[in-house]
Amino acid sequence: MISYIAKRLLSGLVTVWFIATATFLGMHAVPGDPLLNDKAVTPEVRASLEAAYGLDKPLPQQYVIYLSNMLQGDFGISFTQKNRRVNDIIRDHFPVSAMLGLLALTIAALGGITWGAITALYRDRLPDVLIMLLVVFAVSVPSFVFAALGQLVVLKFNQLIGHSVIPVAGWGTFKHMLMPSLVLGLGTMAYLTRLMRSSMLEVADTDYIRTARAKGLSAPRIFFKHQLRNAILPVITVLGPAIAAITTGGFVVELVFAIPGLGRYFVQAVQQLDYTVIMGTTVFYGAFLVFMVIAVDIIYGFVDPRIRVDKVGA
Amino acid sequence: MNDTYDPVSGDFEPLLTVTDGEQIDRPSLSYWQDVWLRLKSNTRALASLYMVLALVTFTLAGPLIWSVDPSKQDLEQISQGPGLGQKAILVPDRLPVPSINSLTQSMAEDRADGSGQRLDLLGEAHTEGLTLSWLAVANADSYTIYRHELEPSSIDDLGLPLAQVGPGQLSYHDSLSLEATTYYYSVMPIVAGQPQGYASQRVEVVQAIALSEARYRGLVPEGDDASLLGSTIRLEAHPLGTDSLGRDMLARLMWGARTSLFIGIIAPLFFVGFGLVYGGFAGYVGGKTDNALMRFADFVIALPFLLFMILFKIAFGIGPGESGIGPMLVALVLLSWPATARLVRGQVLQIREEAYVAAARMMGGGANYLVMRHMLPNVMGVLLVSLTFAIPSAIFTEAFLSFIGMGVVPPTPSWGSMCNDGIRTMLSHPHELIFPALFISATVLAFNLLGDGLRDAMDSRLRSDS
């Protein structure tokens, strides 16, 4: 187990290094000039700016500085928001995104497992058909449309009540999080419902369920203790990709709901070509996602020893 | 016990003799014919196939039938809902200015009792222009004119004036981007530098179009000007309305479909093709090469997809006049191939061990023969399914990137960028969001259902069960 964890962590580190390098090369391949502005800059000012940002050094040296800074956890200073360090931006805004993402993931997981179990229970009957229809609908509609619809629903609801019960946009209280996290979790929830359904049906055909039934156990006991518990296992494997989907989905939801999360800052930085912020947040997000996937895999290894053996053996 | 069965005694005979028991009396079906038959019996898959065909027709043939320029602005009909064109009155190119002095005089006489308004409309009010006139105020230095869409309730509501005219002028001709709504005009005399109250007048402005403009746009027949003037015509029809810049939604959806479906179909074709070659090679060669190649593929798969899409999009840059479709295609292909490569490699590894491949090899089949005759046809099934599922996800990616402003560049329409535009006017003009969102959803839904159907039709496990 320890060698498996070490192996995964090492490959994760290599991936993060690759992400950092690709980000560095990518940003330096961008046509144009980070210091080019609508204001005319004299050569002296330009030279001092380049020196300040370290842009006067040759590329390999810049790369070494970049990597060593990053190893020390320093992502540099924003180009467009003067005097604001990228570290500060990440520290201020990532918790907001993480909070939103965590709530969305919880909603998605609980909802997906519940709906999936219900569809399997009512296989080919009305609840199953209805829920699967909704699932197909949910995976076919882009997240920003859901975000817009969610906002519209909140607005109409508030109008119906007569005063603002749930805020339409913004951040601060738990009420602010409700709609965005629901919208953010919806796509993942649909995906998990589908997975849970097939997993439940697969488990229903196994010998141990038949044995349990033959022993005369009560139907609820078989359903919860034997079928549901075993069917949840595969859901854990897709939590890694689900976290990735929710993180990137957050870009759009934060934009639409005006939430001061890191995703919105990333999109803003991308639109303003704020080089250091793009590089910093890309590497940060990349590392976060890579290690989340690894963490999920390791947890799964603990939960289901069969997987661990398979992976090391291969 | 006495009548024991005796098979030799001759009272047992076969009823009939089967001579040709294994004769096949139906035409044999190829794998693909079989798949097609099963797909045809799946209503959902068949419906989605028709939907895909309809979408492709809409994209390819649509612009030929509805030949409206998607970037042409119809400034008379901005953010208009779906339906026929608006009605408009034909007016002369040069509006006759009513003779003000005489009219003002008559107005003054009408209101000699002082109860009437001090501001009035002269002639008709339409979008090509309108003329206001007011009664002179003694000792006025100048008059300021205001225009509002809501009725000003006090002098504080007036804000910035539309114009200021000298003391001798008692009329104002307004033709500044008028729309066919209700306006409230106000006039305020300035006496010795101080405002002296104000007078308001509600004006209903009707849609109008100048004759030469209408003729230029082909809305009226050639002929007698005098008989046409004052008659009502319909402006250009926009069956699905217009967007916030007055561009025809139907035309933009058709051209946007070209962008979205082009990216959605071409990119998967490329990366599935590349994945086929890469994974096929790795699987066929095997050994250390396979190991190294698949390590690299695992690496690319571990990259966060959308982050790198954004990064690549920035890195490639978009020059002036370019649409941004090229960089998007390249970025999609660069990041998406490993999934297919993995899939194909797994299949090839499996097929390589099959008995029929061993037999073919033993009978002297070369590498080319093995690949073309056995590997490729057997991989084709999973490849087609993964291609069908890759299309909706590519369309989603394009829409997502266009939505956050990293996709195709305006004025190139795409469904994603149209949604982005539409979301801003969602509350007042929902059709600008609903139509592109509907098209994205319908397309993704159709391809997803088609993929499901294809997978069911091809899965050999399902076939052996039934």
# chains A, B, ... in the order shown; residues from 1 in each chain; ligands from 1
$ interface_residues --of "chain A" --to "chain B" --cutoff "6 Å" --atoms "only C-alpha atoms" --output "ChimeraX atom specification"
/A:26-27,29-30,140-141,286
$ write_last_selection --atoms "N, CA and C atoms" --output "PDB file, in the first residue's frame"
ATOM      1  N   GLY A  26       3.877  27.875 -22.558  1.00  0.00           N
ATOM      2  CA  GLY A  26       2.669  28.388 -23.202  1.00  0.00           C
ATOM      3  C   GLY A  26       2.565  29.893 -23.069  1.00  0.00           C
ATOM      4  N   MET A  27       2.788  30.386 -21.859  1.00  0.00           N
ATOM      5  CA  MET A  27       2.644  31.821 -21.640  1.00  0.00           C
ATOM      6  C   MET A  27       3.732  32.607 -22.356  1.00  0.00           C
ATOM      7  N   ALA A  29       4.965  31.717 -25.184  1.00  0.00           N
ATOM      8  CA  ALA A  29       4.731  31.619 -26.628  1.00  0.00           C
ATOM      9  C   ALA A  29       3.630  32.579 -27.066  1.00  0.00           C
ATOM     10  N   VAL A  30       2.982  33.223 -26.090  1.00  0.00           N
ATOM     11  CA  VAL A  30       1.875  34.122 -26.433  1.00  0.00           C
ATOM     12  C   VAL A  30       2.402  35.282 -27.272  1.00  0.00           C
ATOM     13  N   SER A 140     -27.431  17.177 -21.180  1.00  0.00           N
ATOM     14  CA  SER A 140     -27.429  17.778 -22.506  1.00  0.00           C
ATOM     15  C   SER A 140     -27.485  19.298 -22.475  1.00  0.00           C
ATOM     16  N   VAL A 141     -27.730  19.867 -21.311  1.00  0.00           N
ATOM     17  CA  VAL A 141     -27.841  21.330 -21.237  1.00  0.00           C
ATOM     18  C   VAL A 141     -26.549  21.893 -20.655  1.00  0.00           C
ATOM     19  N   GLY A 286      -4.089  23.006 -11.400  1.00  0.00           N
ATOM     20  CA  GLY A 286      -3.573  21.747 -11.941  1.00  0.00           C
ATOM     21  C   GLY A 286      -3.124  20.831 -10.822  1.00  0.00           C
TER      22      GLY A 286
END
$ select_by_dssp --residues "region 232-402 of chain B" --states "alpha helix (DSSP H)" --output "VMD selection string"
chain B and resid 249 to 285 287 to 302 305 to 316 325 to 352 355 to 362 367 to 369 376 to 402
$ residues_around --residues "region 152-163 of chain B" --least-positions-apart "2" --cutoff "10 Å" --atoms "only C-alpha atoms" --output "PyMOL selection string"
chain B and resi 143-150+165+172+174+176+184-188+195-200
$ atom_distance --atom1 "CA of Thr43 (chain B)" --atom2 "CA of Thr59 (chain B)"
24.2 Å
$ closest_atom_pairs --of "region 169-254 of chain A" --to "region 104-122 of chain A" --cutoff "7 Å" --atoms "only C-alpha atoms" --output "Markdown table"
| residue | atom | partner | partner_atom | distance |
| --- | --- | --- | --- | --- |
| A:Ser181 | CA | A:Ala104 | CA | 4.4 |
| A:Leu182 | CA | A:Ala104 | CA | 6.0 |
| A:Leu184 | CA | A:Ala104 | CA | 5.8 |
| A:Gly185 | CA | A:Ala104 | CA | 4.5 |
| A:Leu186 | CA | A:Ala108 | CA | 6.4 |
| A:Thr188 | CA | A:Ala108 | CA | 5.8 |
| A:Met189 | CA | A:Ala108 | CA | 4.1 |
| A:Ala190 | CA | A:Gly112 | CA | 6.4 |
| A:Leu192 | CA | A:Gly112 | CA | 4.8 |
| A:Thr193 | CA | A:Gly112 | CA | 4.1 |
| A:Arg194 | CA | A:Gly116 | CA | 6.4 |
| A:Met196 | CA | A:Gly116 | CA | 4.7 |
| A:Arg197 | CA | A:Gly116 | CA | 4.5 |
| A:Met200 | CA | A:Ala120 | CA | 6.1 |
| A:Leu201 | CA | A:Ala120 | CA | 6.1 |
$ write_last_selection --atoms "N, CA and C atoms" --output "compact mmCIF listing (two decimals), in the first residue's frame"
# COMPACT_ATOMS: atom_id res chain seq x y z
N SER A 181 -24.58 26.35 -5.85
CA SER A 181 -24.04 25.00 -5.64
C SER A 181 -24.96 23.95 -6.25
N LEU A 182 -26.26 24.21 -6.21
CA LEU A 182 -27.20 23.28 -6.85
C LEU A 182 -26.96 23.24 -8.35
N LEU A 184 -24.26 24.09 -9.91
CA LEU A 184 -22.92 23.54 -10.17
C LEU A 184 -22.92 22.02 -10.05
N GLY A 185 -23.71 21.51 -9.11
CA GLY A 185 -23.69 20.07 -8.89
C GLY A 185 -24.59 19.28 -9.82
N LEU A 186 -25.44 19.99 -10.56
CA LEU A 186 -26.49 19.32 -11.32
C LEU A 186 -25.95 18.33 -12.36
N THR A 188 -23.00 16.85 -12.52
CA THR A 188 -22.36 15.73 -11.86
C THR A 188 -23.40 14.82 -11.24
N MET A 189 -24.45 15.43 -10.70
CA MET A 189 -25.51 14.63 -10.10
C MET A 189 -26.14 13.70 -11.14
N ALA A 190 -26.40 14.25 -12.32
CA ALA A 190 -26.99 13.45 -13.40
C ALA A 190 -26.07 12.29 -13.76
N LEU A 192 -23.75 10.91 -11.88
CA LEU A 192 -23.69 9.95 -10.78
C LEU A 192 -24.96 9.12 -10.71
N THR A 193 -26.10 9.73 -11.02
CA THR A 193 -27.36 8.98 -11.01
C THR A 193 -27.28 7.82 -11.99
N ARG A 194 -26.79 8.12 -13.18
CA ARG A 194 -26.65 7.11 -14.21
C ARG A 194 -25.75 5.97 -13.75
N MET A 196 -24.87 5.20 -10.67
CA MET A 196 -25.45 4.52 -9.51
C MET A 196 -26.51 3.52 -9.97
N ARG A 197 -27.28 3.90 -10.97
CA ARG A 197 -28.34 3.02 -11.46
C ARG A 197 -27.75 1.73 -12.00
N MET A 200 -26.26 -0.36 -9.23
CA MET A 200 -27.30 -1.02 -8.43
C MET A 200 -27.85 -2.24 -9.16
N LEU A 201 -28.08 -2.09 -10.46
CA LEU A 201 -28.65 -3.20 -11.22
C LEU A 201 -27.66 -4.35 -11.31
$ residues_around --residues "Ala204 (chain A)" --least-positions-apart "2" --cutoff "10 Å" --atoms "only C-alpha atoms" --output "PyMOL selection string"
chain A and resi 120-121+198-202+206-210+222-223+226-228+230-231
$ write_last_selection --atoms "N, CA and C atoms" --output "PDB file, in the first residue's frame"
ATOM      1  N   ALA A 120     -33.162   2.313  -9.690  1.00  0.00           N
ATOM      2  CA  ALA A 120     -32.927   0.871  -9.709  1.00  0.00           C
ATOM      3  C   ALA A 120     -34.055   0.129  -9.009  1.00  0.00           C
ATOM      4  N   LEU A 121     -34.586   0.761  -7.960  1.00  0.00           N
ATOM      5  CA  LEU A 121     -35.670   0.156  -7.205  1.00  0.00           C
ATOM      6  C   LEU A 121     -36.937   0.041  -8.063  1.00  0.00           C
ATOM      7  N   SER A 198     -26.747   1.859 -12.885  1.00  0.00           N
ATOM      8  CA  SER A 198     -26.192   0.640 -13.484  1.00  0.00           C
ATOM      9  C   SER A 198     -25.474  -0.185 -12.433  1.00  0.00           C
ATOM     10  N   SER A 199     -24.841   0.503 -11.479  1.00  0.00           N
ATOM     11  CA  SER A 199     -24.141  -0.211 -10.421  1.00  0.00           C
ATOM     12  C   SER A 199     -25.133  -0.997  -9.547  1.00  0.00           C
ATOM     13  N   MET A 200     -26.264  -0.361  -9.231  1.00  0.00           N
ATOM     14  CA  MET A 200     -27.296  -1.015  -8.428  1.00  0.00           C
ATOM     15  C   MET A 200     -27.847  -2.245  -9.156  1.00  0.00           C
ATOM     16  N   LEU A 201     -28.076  -2.095 -10.456  1.00  0.00           N
ATOM     17  CA  LEU A 201     -28.645  -3.205 -11.216  1.00  0.00           C
ATOM     18  C   LEU A 201     -27.656  -4.351 -11.306  1.00  0.00           C
ATOM     19  N   GLU A 202     -26.376  -3.992 -11.396  1.00  0.00           N
ATOM     20  CA  GLU A 202     -25.347  -5.024 -11.465  1.00  0.00           C
ATOM     21  C   GLU A 202     -25.300  -5.820 -10.162  1.00  0.00           C
ATOM     22  N   THR A 206     -26.146 -10.238  -8.306  1.00  0.00           N
ATOM     23  CA  THR A 206     -25.066 -11.035  -7.728  1.00  0.00           C
ATOM     24  C   THR A 206     -25.589 -12.154  -6.839  1.00  0.00           C
ATOM     25  N   ASP A 207     -24.673 -13.087  -6.564  1.00  0.00           N
ATOM     26  CA  ASP A 207     -25.052 -14.253  -5.763  1.00  0.00           C
ATOM     27  C   ASP A 207     -25.381 -13.881  -4.325  1.00  0.00           C
ATOM     28  N   TYR A 208     -24.610 -12.912  -3.769  1.00  0.00           N
ATOM     29  CA  TYR A 208     -24.846 -12.627  -2.350  1.00  0.00           C
ATOM     30  C   TYR A 208     -26.195 -11.974  -2.099  1.00  0.00           C
ATOM     31  N   ILE A 209     -26.724 -11.291  -3.104  1.00  0.00           N
ATOM     32  CA  ILE A 209     -28.072 -10.745  -2.937  1.00  0.00           C
ATOM     33  C   ILE A 209     -29.084 -11.891  -2.958  1.00  0.00           C
ATOM     34  N   ARG A 210     -28.835 -12.820  -3.881  1.00  0.00           N
ATOM     35  CA  ARG A 210     -29.745 -13.965  -3.951  1.00  0.00           C
ATOM     36  C   ARG A 210     -29.699 -14.752  -2.650  1.00  0.00           C
ATOM     37  N   ILE A 222     -32.002  -5.965   2.824  1.00  0.00           N
ATOM     38  CA  ILE A 222     -31.216  -6.333   1.645  1.00  0.00           C
ATOM     39  C   ILE A 222     -30.864  -5.083   0.863  1.00  0.00           C
ATOM     40  N   PHE A 223     -31.856  -4.213   0.689  1.00  0.00           N
ATOM     41  CA  PHE A 223     -31.657  -3.019  -0.133  1.00  0.00           C
ATOM     42  C   PHE A 223     -30.566  -2.121   0.453  1.00  0.00           C
ATOM     43  N   HIS A 226     -27.068  -4.604   1.844  1.00  0.00           N
ATOM     44  CA  HIS A 226     -26.313  -5.388   0.870  1.00  0.00           C
ATOM     45  C   HIS A 226     -26.176  -4.690  -0.471  1.00  0.00           C
ATOM     46  N   GLN A 227     -27.314  -4.239  -1.011  1.00  0.00           N
ATOM     47  CA  GLN A 227     -27.272  -3.704  -2.375  1.00  0.00           C
ATOM     48  C   GLN A 227     -26.664  -2.305  -2.409  1.00  0.00           C
ATOM     49  N   LEU A 228     -27.219  -1.410  -1.609  1.00  0.00           N
ATOM     50  CA  LEU A 228     -26.796  -0.007  -1.659  1.00  0.00           C
ATOM     51  C   LEU A 228     -25.326   0.141  -1.294  1.00  0.00           C
ATOM     52  N   ASN A 230     -22.831  -1.882  -1.451  1.00  0.00           N
ATOM     53  CA  ASN A 230     -21.896  -2.380  -2.461  1.00  0.00           C
ATOM     54  C   ASN A 230     -21.955  -1.562  -3.740  1.00  0.00           C
ATOM     55  N   ALA A 231     -23.136  -1.013  -4.022  1.00  0.00           N
ATOM     56  CA  ALA A 231     -23.287  -0.268  -5.268  1.00  0.00           C
ATOM     57  C   ALA A 231     -22.613   1.102  -5.189  1.00  0.00           C
TER      58      ALA A 231
END
$ atom_distance --atom1 "CA of Asn87 (chain A)" --atom2 "CA of Tyr275 (chain A)"
13.8 Å
$ residues_around --residues "Ala355 (chain B)" --least-positions-apart "6" --cutoff "12 Å" --atoms "only C-alpha atoms" --output "list in words"
Arg361, Met362 and His374 of chain B
$ residues_around --residues "Gln151 (chain A)" --least-positions-apart "5" --cutoff "10 Å" --atoms "only C-alpha atoms" --output "count of residues only"
12
$ residues_around --residues "Arg8 (chain A)" --least-positions-apart "4" --cutoff "10 Å" --atoms "only C-alpha atoms" --output "VMD selection string"
chain A and resid 2 to 4 12 to 14 291 293 to 295 297 to 298
$ atom_distance --atom1 "CA of Ser414 (chain B)" --atom2 "CA of Met249 (chain B)"
11.4 Å
